[in-house]
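Data block for query-v1.cif (mmCIF, C-alpha atoms):
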data_input
#
loop_
_atom_site.label_atom_id
_atom_site.label_comp_id
_atom_site.auth_asym_id
_atom_site.auth_seq_id
_atom_site.Cartn_x
_atom_site.Cartn_y
_atom_site.Cartn_z
CA MET A 750 224.37 237.35 155.39
CA LYS A 751 222.63 240.31 157.01
CA ARG A 752 223.83 242.58 154.17
CA VAL A 753 222.55 240.12 151.54
CA LEU A 754 219.16 239.88 153.26
CA SER A 755 218.81 243.65 153.58
CA SER A 756 219.78 244.19 149.92
CA VAL A 757 217.18 241.59 148.88
CA ALA A 758 214.61 243.26 151.16
CA LYS A 759 215.33 246.67 149.65
CA LYS A 760 214.42 245.34 146.21
CA LEU A 761 210.90 244.51 147.44
CA PRO A 762 208.22 247.21 147.04
CA LEU A 763 208.03 249.64 149.98
CA GLN A 764 204.35 248.93 150.60
CA PHE A 765 205.07 245.20 150.90
CA ARG A 766 207.95 245.81 153.33
CA VAL A 767 205.89 248.15 155.50
CA LEU A 768 202.93 245.79 155.64
CA TYR A 769 205.12 242.71 156.19
CA ARG A 770 206.74 244.39 159.21
CA GLN A 771 203.33 245.36 160.61
CA PHE A 772 201.84 241.92 160.13
CA LEU A 773 204.92 240.20 161.54
CA LEU A 774 204.51 242.23 164.72
CA ARG A 775 200.81 241.46 164.83
CA VAL A 776 201.03 237.75 164.12
CA VAL A 777 200.33 237.04 167.76
CA ASP A 778 196.86 238.16 168.85
CA LEU A 779 197.72 241.46 170.50
CA GLU A 780 194.32 241.80 172.13
CA ALA A 781 195.22 238.76 174.21
CA LEU A 782 198.35 240.48 175.52
CA SER A 783 198.71 243.28 178.01
CA ILE A 784 199.25 246.84 176.75
CA GLU A 785 202.93 246.70 177.72
CA ALA A 786 203.55 243.42 175.88
CA ASP A 787 206.42 243.65 173.43
CA VAL A 788 205.72 241.27 170.55
CA THR A 789 209.28 241.22 169.18
CA LYS A 790 210.56 240.30 172.65
CA LEU A 791 207.85 237.66 172.96
CA LEU A 792 208.79 236.10 169.61
CA GLY A 793 212.48 236.24 170.59
CA GLN A 794 211.76 234.47 173.88
CA MET A 795 209.73 231.82 172.09
CA ALA A 796 212.56 231.20 169.61
CA GLY A 797 215.01 231.12 172.53
CA ILE A 798 213.03 228.41 174.33
CA LEU A 799 212.85 226.31 171.17
CA ILE A 800 216.59 226.72 170.53
CA LEU A 801 217.35 225.78 174.14
CA TYR A 802 215.18 222.65 173.86
CA SER A 803 216.88 221.75 170.58
CA VAL A 804 220.43 222.28 171.94
CA LEU A 805 219.75 220.31 175.16
CA THR A 806 218.23 217.39 173.25
CA THR A 807 221.14 217.42 170.78
CA LEU A 808 223.65 217.39 173.64
CA GLY A 809 221.74 214.48 175.20
CA LEU A 810 221.91 212.60 171.91
CA LEU A 811 225.63 213.28 171.50
CA MET A 812 226.33 212.11 175.06
CA ALA A 813 224.25 208.97 174.56
CA THR A 814 225.95 208.09 171.29
CA GLY A 815 229.34 208.72 172.93
CA ARG A 816 228.60 206.00 175.48
CA LEU A 817 227.35 203.54 172.85
CA SER A 818 229.57 201.56 170.56
CA THR A 819 229.68 202.91 166.98
CA ALA A 820 227.94 199.87 165.56
CA ALA A 821 225.08 200.84 163.28
CA ALA A 822 222.84 198.33 165.05
CA ASP A 823 223.19 200.27 168.34
CA LEU A 824 222.91 203.73 166.85
CA GLY A 825 220.04 203.05 164.47
CA PRO A 826 217.12 202.72 166.92
CA LEU A 827 218.30 205.73 168.97
CA ILE A 828 218.63 207.99 165.90
CA TRP A 829 215.32 206.76 164.55
CA ARG A 830 213.53 207.44 167.88
CA THR A 831 215.13 210.92 168.17
CA GLN A 832 214.19 211.86 164.65
CA GLN A 833 210.62 210.64 165.12
CA SER A 834 210.34 212.56 168.36
CA PHE A 835 211.62 215.71 166.69
CA LEU A 836 209.25 215.40 163.76
CA SER A 837 206.34 215.05 166.20
CA THR A 838 207.56 218.08 168.15
CA THR A 839 207.89 220.08 164.93
CA MET A 840 204.32 219.19 163.99
CA LEU A 841 203.17 220.19 167.47
CA VAL A 842 205.01 223.53 167.34
CA ALA A 843 203.75 224.27 163.81
CA GLY A 844 200.20 223.48 164.95
CA LEU A 845 200.58 225.64 168.03
CA MET A 846 201.92 228.56 165.99
CA ALA A 847 199.03 228.18 163.53
CA VAL A 848 196.53 228.32 166.42
CA ILE A 849 198.22 231.38 167.97
CA SER A 850 198.44 233.28 164.70
CA TRP A 851 195.19 232.03 163.13
CA ASP A 852 193.20 235.22 163.77
CA ASN A 853 195.92 237.31 162.22
CA ILE A 854 196.43 235.25 159.09
CA PHE A 855 193.33 236.71 157.44
CA PRO A 856 192.67 240.45 157.05
CA ASP A 857 190.14 241.56 159.68
CA ARG A 858 187.81 244.55 160.05
CA ARG A 859 190.63 246.64 161.50
CA ASP A 860 192.84 245.94 158.48
CA ALA A 861 189.95 246.79 156.16
CA MET A 862 189.27 250.10 157.92
CA VAL A 863 192.95 251.07 158.24
CA LEU A 864 194.25 249.89 154.88
CA GLY A 865 191.02 250.12 152.83
CA PRO A 866 191.17 253.90 152.22
CA LEU A 867 194.91 253.78 151.45
CA PRO A 868 196.24 253.24 147.92
CA VAL A 869 197.37 249.67 148.59
CA ARG A 870 196.46 246.74 146.35
CA PRO A 871 194.62 243.87 148.09
CA LEU A 872 197.17 241.43 146.62
CA THR A 873 200.03 243.29 148.37
CA ILE A 874 198.16 243.00 151.70
CA LEU A 875 197.52 239.30 151.16
CA LEU A 876 201.14 238.58 150.19
CA ALA A 877 202.49 240.53 153.17
CA LYS A 878 200.15 238.67 155.55
CA THR A 879 201.10 235.29 154.11
CA ALA A 880 204.82 236.15 154.22
CA ALA A 881 204.56 237.28 157.86
CA ALA A 882 202.68 234.14 158.94
CA GLY A 883 205.17 231.97 157.02
CA ALA A 884 208.13 233.80 158.56
CA VAL A 885 206.92 233.17 162.12
CA LEU A 886 206.30 229.52 161.36
CA GLY A 887 209.70 229.29 159.67
CA ILE A 888 211.50 230.90 162.64
CA ALA A 889 209.82 228.45 165.03
CA VAL A 890 210.69 225.37 162.95
CA LEU A 891 214.25 226.58 162.31
CA SER A 892 214.85 227.36 166.00
CA LEU A 893 213.61 223.94 166.99
CA ASN A 894 215.51 221.91 164.41
CA LEU A 895 218.79 223.67 163.64
CA ALA A 896 220.93 222.20 166.43
CA MET A 897 219.36 218.76 166.11
CA SER A 898 219.72 218.67 162.30
CA ILE A 899 223.48 219.23 162.67
CA GLY A 900 223.92 216.85 165.62
CA LEU A 901 221.84 214.04 164.20
CA CYS A 902 223.44 214.18 160.75
CA LEU A 903 226.94 214.12 162.26
CA VAL A 904 226.12 211.18 164.52
CA ALA A 905 224.24 209.17 161.91
CA ARG A 906 226.86 208.64 159.23
CA GLY A 907 229.64 211.15 159.87
CA ILE A 908 231.02 214.13 157.99
CA PRO A 909 231.29 212.55 154.47
CA TYR A 910 227.54 212.02 154.30
CA PHE A 911 226.65 215.22 156.18
CA PRO A 912 225.39 217.37 153.22
CA GLY A 913 223.07 214.64 151.94
CA ASN A 914 221.78 213.75 155.39
CA PHE A 915 221.32 217.41 156.28
CA ALA A 916 219.29 218.05 153.11
CA ALA A 917 217.20 214.92 153.76
CA TYR A 918 216.53 216.01 157.35
CA TRP A 919 215.24 219.41 156.27
CA LEU A 920 213.23 217.98 153.41
CA THR A 921 211.46 215.66 155.87
CA THR A 922 210.93 218.47 158.36
CA ARG A 923 209.61 220.75 155.62
CA SER A 924 207.13 218.08 154.47
CA CYS A 925 206.12 217.46 158.06
CA ARG A 926 205.45 221.20 158.53
CA ARG A 927 203.26 221.13 155.45
CA TRP A 928 201.08 218.46 156.95
CA MET B 947 183.79 267.43 141.79
CA LEU B 948 182.45 264.34 143.51
CA GLU B 949 179.23 263.06 142.07
CA LEU B 950 176.94 260.23 143.10
CA ARG B 951 174.51 259.03 140.46
CA ARG B 952 171.62 256.81 141.53
CA VAL B 953 173.76 254.93 144.00
CA SER B 954 172.14 252.05 145.87
CA LYS B 955 173.39 249.49 148.34
CA TYR B 956 171.41 246.44 149.40
CA PHE B 957 172.34 244.14 152.26
CA SER B 958 170.61 240.76 151.81
CA GLY B 959 167.98 242.42 149.65
CA ILE B 960 167.31 245.20 152.19
CA PRO B 961 168.12 248.69 150.90
CA ALA B 962 170.55 250.62 153.10
CA VAL B 963 171.06 253.32 150.49
CA ASP B 964 168.44 253.70 147.80
CA ASP B 965 168.91 255.63 144.57
CA VAL B 966 171.03 258.39 146.09
CA SER B 967 172.25 261.21 143.85
CA PHE B 968 174.05 264.35 144.94
CA SER B 969 177.30 266.15 144.31
CA ALA B 970 180.02 267.90 146.29
CA ARG B 971 181.92 270.71 144.61
CA PRO B 972 185.44 271.98 145.14
CA GLY B 973 185.61 275.03 147.39
CA GLU B 974 182.44 274.01 149.22
CA VAL B 975 181.73 272.03 152.35
CA THR B 976 178.87 269.64 151.72
CA GLY B 977 177.11 268.42 154.84
CA TYR B 978 175.63 264.94 154.74
CA LEU B 979 172.96 264.46 157.35
CA GLY B 980 170.59 261.77 158.42
CA PRO B 981 169.28 259.98 161.52
CA ASN B 982 170.95 256.83 162.85
CA GLY B 983 170.68 253.98 160.38
CA SER B 984 169.76 256.24 157.47
CA GLY B 985 172.75 255.05 155.40
CA LYS B 986 175.23 257.90 155.85
CA SER B 987 178.21 255.75 156.82
CA THR B 988 177.33 253.17 154.14
CA THR B 989 177.40 255.97 151.56
CA MET B 990 180.73 257.19 152.92
CA LYS B 991 182.19 253.68 152.73
CA MET B 992 181.04 253.37 149.11
CA ILE B 993 182.65 256.72 148.29
CA THR B 994 185.94 255.57 149.84
CA GLY B 995 185.77 252.29 147.94
CA LEU B 996 185.59 250.25 151.14
CA ILE B 997 182.36 248.59 150.03
CA GLU B 998 180.95 248.11 146.57
CA MET B 999 177.66 249.63 145.54
CA THR B 1000 174.83 247.45 144.31
CA ALA B 1001 173.85 249.96 141.62
CA GLY B 1002 174.75 253.42 140.40
CA GLU B 1003 177.95 255.29 139.80
CA ILE B 1004 180.36 257.42 141.82
CA LEU B 1005 182.42 259.89 139.82
CA PHE B 1006 185.37 262.02 140.86
CA GLU B 1007 186.30 264.74 138.42
CA GLY B 1008 184.03 263.10 135.88
CA LYS B 1009 185.60 259.63 136.03
CA PRO B 1010 184.08 256.59 137.75
CA ILE B 1011 186.19 255.87 140.83
CA GLN B 1012 186.31 252.14 140.07
CA HIS B 1013 188.29 252.79 136.85
CA ASP B 1014 191.41 253.70 138.82
CA LEU B 1015 190.64 253.03 142.48
CA ILE B 1016 194.28 253.20 143.59
CA GLY B 1017 194.80 256.54 141.81
CA TYR B 1018 191.55 257.83 143.34
CA LYS B 1019 192.61 256.73 146.84
CA ARG B 1020 195.88 258.64 146.43
CA ARG B 1021 193.84 261.82 146.17
CA MET B 1022 191.36 261.03 148.95
CA GLY B 1023 191.58 261.52 152.71
CA TYR B 1024 189.05 259.75 154.92
CA VAL B 1025 188.26 260.06 158.60
CA PRO B 1026 186.07 257.06 159.46
CA GLU B 1027 183.29 257.03 162.01
CA GLU B 1028 184.91 254.29 164.10
CA PRO B 1029 188.47 255.02 165.25
CA TYR B 1030 190.14 251.86 163.91
CA LEU B 1031 193.93 252.11 164.30
CA TYR B 1032 196.82 249.71 164.86
CA ASN B 1033 196.96 249.77 168.65
CA HIS B 1034 200.47 248.30 168.90
CA LEU B 1035 201.93 251.37 167.21
CA SER B 1036 202.50 254.83 168.64
CA GLY B 1037 200.85 257.87 167.08
CA ALA B 1038 204.06 258.85 165.28
CA GLU B 1039 204.68 255.27 164.07
CA TYR B 1040 201.13 255.00 162.74
CA LEU B 1041 201.43 258.23 160.77
CA THR B 1042 204.84 257.14 159.44
CA MET B 1043 203.29 253.87 158.28
CA VAL B 1044 200.48 255.77 156.52
CA ALA B 1045 203.04 258.10 154.88
CA GLN B 1046 205.08 255.12 153.66
CA LEU B 1047 202.02 253.33 152.31
CA ARG B 1048 201.05 256.54 150.52
CA ASP B 1049 204.58 256.68 149.09
CA LEU B 1050 205.26 260.18 150.43
CA PRO B 1051 208.86 261.45 150.40
CA GLU B 1052 210.49 260.34 153.66
CA ARG B 1053 212.19 263.54 154.85
CA GLU B 1054 209.21 265.80 154.15
CA SER B 1055 206.74 263.42 155.72
CA VAL B 1056 208.81 263.07 158.92
CA GLU B 1057 208.83 266.85 159.34
CA GLN B 1058 205.15 267.09 158.46
CA ILE B 1059 204.21 264.40 160.98
CA GLU B 1060 206.17 266.16 163.73
CA GLU B 1061 204.43 269.45 162.97
CA LEU B 1062 200.99 267.90 162.67
CA LEU B 1063 201.42 266.14 166.02
CA GLN B 1064 202.54 269.42 167.55
CA LEU B 1065 199.56 271.33 166.13
CA LEU B 1066 197.12 268.64 167.26
CA SER B 1067 198.60 268.63 170.80
CA LEU B 1068 199.74 265.03 170.42
CA HIS B 1069 203.47 265.69 170.38
CA GLY B 1070 203.94 264.81 174.04
CA ASP B 1071 202.29 261.41 173.49
CA ARG B 1072 203.76 260.72 170.03
CA HIS B 1073 205.82 257.76 171.27
CA ALA B 1074 203.08 256.29 173.49
CA SER B 1075 201.14 253.26 172.29
CA ILE B 1076 197.81 254.10 170.64
CA SER B 1077 196.16 251.51 172.88
CA GLY B 1078 196.57 254.04 175.70
CA TYR B 1079 195.11 256.97 173.73
CA SER B 1080 191.74 258.50 174.57
CA LYS B 1081 188.98 258.59 171.93
CA GLY B 1082 189.78 262.22 171.15
CA MET B 1083 193.48 261.47 170.69
CA ARG B 1084 192.65 258.61 168.35
CA GLN B 1085 190.39 260.91 166.39
CA LYS B 1086 193.23 263.41 166.05
CA VAL B 1087 195.53 260.67 164.71
CA LEU B 1088 192.86 259.75 162.15
CA ILE B 1089 192.48 263.38 161.10
CA ALA B 1090 196.26 263.76 160.73
CA ALA B 1091 196.44 260.51 158.72
CA ALA B 1092 193.64 261.69 156.42
CA LEU B 1093 195.30 265.05 155.67
CA LEU B 1094 198.97 264.04 155.58
CA HIS B 1095 199.12 263.74 151.79
CA ASN B 1096 197.24 266.99 151.02
CA PRO B 1097 194.20 265.25 149.48
CA ASP B 1098 191.91 266.83 146.89
CA LEU B 1099 188.88 265.06 148.33
CA VAL B 1100 188.29 265.06 152.09
CA LEU B 1101 185.66 262.72 153.51
CA LEU B 1102 184.80 263.20 157.15
CA ASP B 1103 182.43 260.80 158.87
CA GLU B 1104 181.53 262.15 162.32
CA PRO B 1105 184.93 263.86 162.66
CA PHE B 1106 184.02 265.67 165.90
CA SER B 1107 183.41 262.44 167.78
CA GLY B 1108 185.36 262.47 171.06
CA LEU B 1109 187.08 265.82 170.46
CA ASP B 1110 187.26 268.39 173.24
CA VAL B 1111 185.85 271.88 172.68
CA GLY B 1112 189.18 273.45 171.71
CA SER B 1113 190.04 270.73 169.19
CA ALA B 1114 186.50 270.80 167.78
CA LEU B 1115 186.81 274.55 167.16
CA ILE B 1116 190.15 274.03 165.39
CA LEU B 1117 188.67 271.25 163.25
CA ARG B 1118 185.68 273.38 162.38
CA SER B 1119 187.97 276.14 161.09
CA LEU B 1120 190.20 273.60 159.39
CA ILE B 1121 187.26 272.18 157.40
CA GLN B 1122 186.41 275.67 156.15
CA GLU B 1123 190.06 276.39 155.38
CA LEU B 1124 190.39 273.20 153.34
CA ALA B 1125 187.32 274.11 151.30
CA ALA B 1126 188.65 277.64 150.81
CA ARG B 1127 191.79 276.06 149.33
CA GLY B 1128 189.71 274.39 146.65
CA LYS B 1129 189.27 270.93 148.11
CA VAL B 1130 186.08 268.90 147.87
CA VAL B 1131 184.89 268.39 151.46
CA LEU B 1132 182.07 266.00 152.30
CA PHE B 1133 181.22 266.02 155.95
CA SER B 1134 178.77 263.78 157.74
CA SER B 1135 177.69 264.64 161.26
CA HIS B 1136 174.88 264.57 163.77
CA GLU B 1137 175.87 267.97 165.11
CA LEU B 1138 173.40 270.13 163.21
CA ASP B 1139 174.70 273.36 164.68
CA THR B 1140 178.23 272.62 163.46
CA VAL B 1141 176.98 271.49 160.04
CA GLU B 1142 174.98 274.72 159.75
CA ARG B 1143 178.02 276.82 160.59
CA VAL B 1144 180.49 274.94 158.41
CA SER B 1145 178.58 273.72 155.34
CA SER B 1146 177.42 275.66 152.38
CA ARG B 1147 175.22 272.84 151.07
CA VAL B 1148 173.53 269.87 152.71
CA ALA B 1149 172.19 266.57 151.54
CA ILE B 1150 169.70 265.02 153.97
CA LEU B 1151 169.21 261.28 153.94
CA HIS B 1152 166.19 259.52 155.42
CA ARG B 1153 165.66 255.77 155.30
CA GLY B 1154 168.30 255.48 152.61
CA LYS B 1155 166.83 258.13 150.32
CA ILE B 1156 167.80 261.74 149.73
CA VAL B 1157 165.01 264.02 150.96
CA ALA B 1158 166.83 267.34 150.47
CA ASP B 1159 169.88 268.48 148.51
CA ASP B 1160 170.43 272.21 148.36
CA SER B 1161 172.19 275.12 149.99
CA ILE B 1162 171.14 275.77 153.58
CA ALA B 1163 169.94 279.27 152.69
CA SER B 1164 167.71 277.90 149.91
CA LEU B 1165 166.29 275.22 152.16
CA ARG B 1166 165.53 277.80 154.84
CA SER B 1167 163.66 280.08 152.49
CA LEU B 1168 162.01 277.21 150.61
CA MET B 1169 160.66 275.55 153.74
CA GLU B 1170 160.16 278.81 155.65
CA LEU B 1171 162.00 277.42 158.63
CA PRO B 1172 164.53 279.33 160.76
CA SER B 1173 167.28 276.76 161.20
CA LEU B 1174 168.83 273.58 159.85
CA GLU B 1175 167.60 271.80 162.99
CA ALA B 1176 164.00 272.71 162.16
CA ILE B 1177 164.48 271.62 158.53
CA PHE B 1178 166.05 268.35 159.64
CA SER B 1179 163.27 267.69 162.19
CA GLN B 1180 160.64 268.23 159.54
CA LEU B 1181 162.32 266.06 156.91
CA ALA B 1182 163.99 263.25 158.82
CA VAL B 1183 162.57 262.96 162.33
CA GLU B 1184 159.37 260.98 162.47
CA GLN B 1185 158.49 261.02 166.15
CA ASP B 1186 157.67 263.94 168.45
CA SER B 1187 160.90 264.26 170.44
CA ASP B 1188 159.26 265.94 173.47
CA ALA B 1189 156.57 263.27 173.69
CA MET B 1190 159.21 260.53 173.38
CA ALA B 1191 161.30 262.10 176.15
CA ARG B 1192 158.24 262.27 178.43
CA GLN B 1193 157.44 258.61 177.72
CA ILE B 1194 161.00 257.52 178.60
CA ALA B 1195 160.98 259.61 181.80
CA ASP B 1196 157.58 258.14 182.75
CA LEU B 1197 158.83 254.63 182.08
CA ILE B 1198 161.91 254.91 184.30
CA HIS B 1199 159.87 256.63 187.01
CA ALA B 1200 157.37 253.82 187.06
#

Structure encoded using structure tokens:
Amino acid sequence: MKRVLSSVAKKLPLQFRVLYRQFLLRVVDLEALSIEADVTKLLGQMAGILILYSVLTTLGLLMATGRLSTAAADLGPLIWRTQQSFLSTTMLVAGLMAVISWDNIFPDRRDAMVLGPLPVRPLTILLAKTAAAGAVLGIAVLSLNLAMSIGLCLVARGIPYFPGNFAAYWLTTRSCRRW
Amino acid sequence: MLELRRVSKYFSGIPAVDDVSFSARPGEVTGYLGPNGSGKSTTMKMITGLIEMTAGEILFEGKPIQHDLIGYKRRMGYVPEEPYLYNHLSGAEYLTMVAQLRDLPERESVEQIEELLQLLSLHGDRHASISGYSKGMRQKVLIAAALLHNPDLVLLDEPFSGLDVGSALILRSLIQELAARGKVVLFSSHELDTVERVSSRVAILHRGKIVADDSIASLRSLMELPSLEAIFSQLAVEQDSDAMARQIADLIHA
């Protein structure tokens, strides 16, 4: 997977890759952090917290469904409530990430002064910024939903329906992130 | 050759630069002088393509820069007045990023960056975050970034800002060396003494208009004044500086 991703990345123009990496590191407002703050570590910790929340909630769901009878009437409300709660949490996290990275979504004076005299097309800068902001949002949503998407789809209708349910889960989450 | 033809820039209808024409030739250092707010930095930003002009034309080697702005930027090095850098990077990382964005060959640029950092006395701090750099260190990073790709056109906007005496002396010699190697050097500064020593020609700007554009020697003999400072005072300074100083001293005494 890593090899595939790096071979895809290598096909992208160098300027885009360089700018994407810079903007990804700067997606959090660095002025709000201390000098020693390590943004990659900060993003890793944030993803870790979201994954932990997701795994704990999934384990809770699995334990709860284990104690219930397998009748659809018993499982239905619980699954429905869990999914609703997760969609709300996803919206909250996406909103929070948008607020945190808002200042860095658009090119600022610093970007203009640093990148302006360099032979870089404005479109490349814009695409790199958009890709970096999207990547952070994507990492947050993925971290939050991965464990739950597997757990919920397994519990809901079992392995035979897993691919369809899994796709439906992510389609709903993706739409929810859009809004 | 860099040539400005009747260049103007208006901000909300107010002229910041008004009908400015002058040229900078290869092998010469052209000084660009003017009091605060006269439009020097605005002109520099138009020459770098950072802001668009309202009217006029800027030509490099006879071609309008807007025709191939990316190609023009490949051949230009610019040290801005304000030391804007990416503070989360170290000096070495910043220069590497600039080299990559300029599409310079990796191995050569790594060696060049190391040597430049060494020559600019930044090697010891090359892995420290720029946010911890002093103003002079930031200025050195900007100078290194502007010269990394061996540009044909060097634009320096207040390049001595924040530099210590030793570094300023090196930069002064470097500017002359670059011109001697056939580069077009346009150099804006408030330090009249340095401009007089380094530049062969000067263009003086006052309230957005060019009031003098000639060699320093010609200006001296034409105006019968002994120094660039005297020429500048006559052309671009409106108030009596001694009287102003007395007024300020009186005010704070009272």

* Within 10 Å of chain A, which residues of chain B are there when counting all atoms listed in the file? Please give them as a count of residues only. => 40

* With a distance cut-off of 7 Å and only C-alpha atoms, select the neighbouring residues of stretch 1116-1131 of chain B, excluding the residue or stretch itself and same-chain residues fewer than 3 positions from it, and output the selection as number ranges by chain. => B: 947, 970-976, 1098-1101, 1112-1113, 1144

* Top pick for closest residue to A:Val890, considering A:Ala796, A:Tyr918, A:Trp851, A:Ile908 and counting all atoms listed in the file -> A:Ala796

* Counting all atoms listed in the file, which residues come within 12 Å of (170.2, 247.3, 150.2), with the point read in the file's coordinates, and could you list them as a PyMOL selection string? -> chain B and resi 953-966+984-985+988-989+998-1001+1153-1155

* Hey, can you check how far atom CA of B:Gly980 sits from atom CA of B:Ala1182? -> 6.8 Å

* To do: List every protein, DNA or RNA residue that has at least one atom no more than 6 Å from (184.3, 262.8, 143.3) in the file's coordinates, counting all atoms listed in the file, and write the result as a ChimeraX atom specification.
  => /B:947-949,1005-1007

* Could you jot down the atom CA of B:Ser1107 to atom CA of B:Gly1082 separation for me, Å, one decimal place? =>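 Those two atoms sit 7.2 Å apart.
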
* Could you expand the PyMOL selection byres ((chain B and resi 1158-1164) around 8) into the explicit residues it covers here, written as a ChimeraX atom specification? => /B:968,1142,1145-1151,1156-1157,1165-1168,1174,1181

Write a file of the selected residues as a PDB file, keeping the file's coordinate frame, keeping C-alpha atoms.
ATOM      1  CA  PHE B 968     174.050 264.350 144.940  1.00  0.00           C
ATOM      2  CA  GLU B1142     174.980 274.720 159.750  1.00  0.00           C
ATOM      3  CA  SER B1145     178.580 273.720 155.340  1.00  0.00           C
ATOM      4  CA  SER B1146     177.420 275.660 152.380  1.00  0.00           C
ATOM      5  CA  ARG B1147     175.220 272.840 151.070  1.00  0.00           C
ATOM      6  CA  VAL B1148     173.530 269.870 152.710  1.00  0.00           C
ATOM      7  CA  ALA B1149     172.190 266.570 151.540  1.00  0.00           C
ATOM      8  CA  ILE B1150     169.700 265.020 153.970  1.00  0.00           C
ATOM      9  CA  LEU B1151     169.210 261.280 153.940  1.00  0.00           C
ATOM     10  CA  ILE B1156     167.800 261.740 149.730  1.00  0.00           C
ATOM     11  CA  VAL B1157     165.010 264.020 150.960  1.00  0.00           C
ATOM     12  CA  LEU B1165     166.290 275.220 152.160  1.00  0.00           C
ATOM     13  CA  ARG B1166     165.530 277.800 154.840  1.00  0.00           C
ATOM     14  CA  SER B1167     163.660 280.080 152.490  1.00  0.00           C
ATOM     15  CA  LEU B1168     162.010 277.210 150.610  1.00  0.00           C
ATOM     16  CA  LEU B1174     168.830 273.580 159.850  1.00  0.00           C
ATOM     17  CA  LEU B1181     162.320 266.060 156.910  1.00  0.00           C
TER      18      LEU B1181
END

* To do: Enumerate, as a count of residues only, the residues matched when the PyMOL selection byres ((chain B and resi 1106) around 8) is run on the file above.
  => 9

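Note that atom CA of A:Ile899 and atom CA of A:Trp919 are 10.4 Å apart.
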
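When you apply the PyMOL selection byres ((chain A and resi 799) around 12) to this structure, what comes back is Leu792, Gly793, Gln794, Met795, Ala796, Gly797, Ile798, Ile800, Leu801, Tyr802, Ser803, Val804, Leu805, Thr806, Phe835, Thr838, Thr839, Val842, Ala843, Ile888, Ala889, Val890, Leu891, Ser892, Leu893, Asn894, Leu895, Ala896 and Met897 of chain A.
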
Save stretch 968-1000 of chain B to disk from that block, C-alpha atoms included, as a CSV table (one decimal), in the first residue's frame.
chain,number,residue,atom,x,y,z
B,968,PHE,CA,14.2,54.1,-15.6
B,969,SER,CA,16.5,51.2,-16.6
B,970,ALA,CA,19.0,49.0,-14.9
B,971,ARG,CA,21.8,47.6,-17.1
B,972,PRO,CA,23.8,44.4,-16.7
B,973,GLY,CA,27.2,44.9,-15.1
B,974,GLU,CA,25.9,47.9,-13.1
B,975,VAL,CA,24.4,48.4,-9.7
B,976,THR,CA,21.5,50.7,-9.9
B,977,GLY,CA,20.5,52.3,-6.6
B,978,TYR,CA,16.8,53.1,-6.1
B,979,LEU,CA,16.3,55.7,-3.5
B,980,GLY,CA,13.4,57.6,-1.9
B,981,PRO,CA,12.0,58.6,1.4
B,982,ASN,CA,9.5,56.5,3.3
B,983,GLY,CA,6.3,56.1,1.4
B,984,SER,CA,7.8,57.3,-1.9
B,985,GLY,CA,6.8,54.0,-3.7
B,986,LYS,CA,10.2,52.2,-3.7
B,987,SER,CA,8.8,48.9,-2.4
B,988,THR,CA,5.7,49.1,-4.5
B,989,THR,CA,8.0,49.5,-7.6
B,990,MET,CA,10.0,46.5,-6.4
B,991,LYS,CA,6.9,44.4,-6.0
B,992,MET,CA,5.7,45.3,-9.5
B,993,ILE,CA,9.1,44.3,-10.9
B,994,THR,CA,9.0,40.9,-9.1
B,995,GLY,CA,5.4,40.4,-10.4
B,996,LEU,CA,4.0,40.3,-6.9
B,997,ILE,CA,1.6,43.1,-7.7
B,998,GLU,CA,0.2,44.2,-11.0
B,999,MET,CA,0.8,47.7,-12.3
B,1000,THR,CA,-2.0,50.0,-13.1
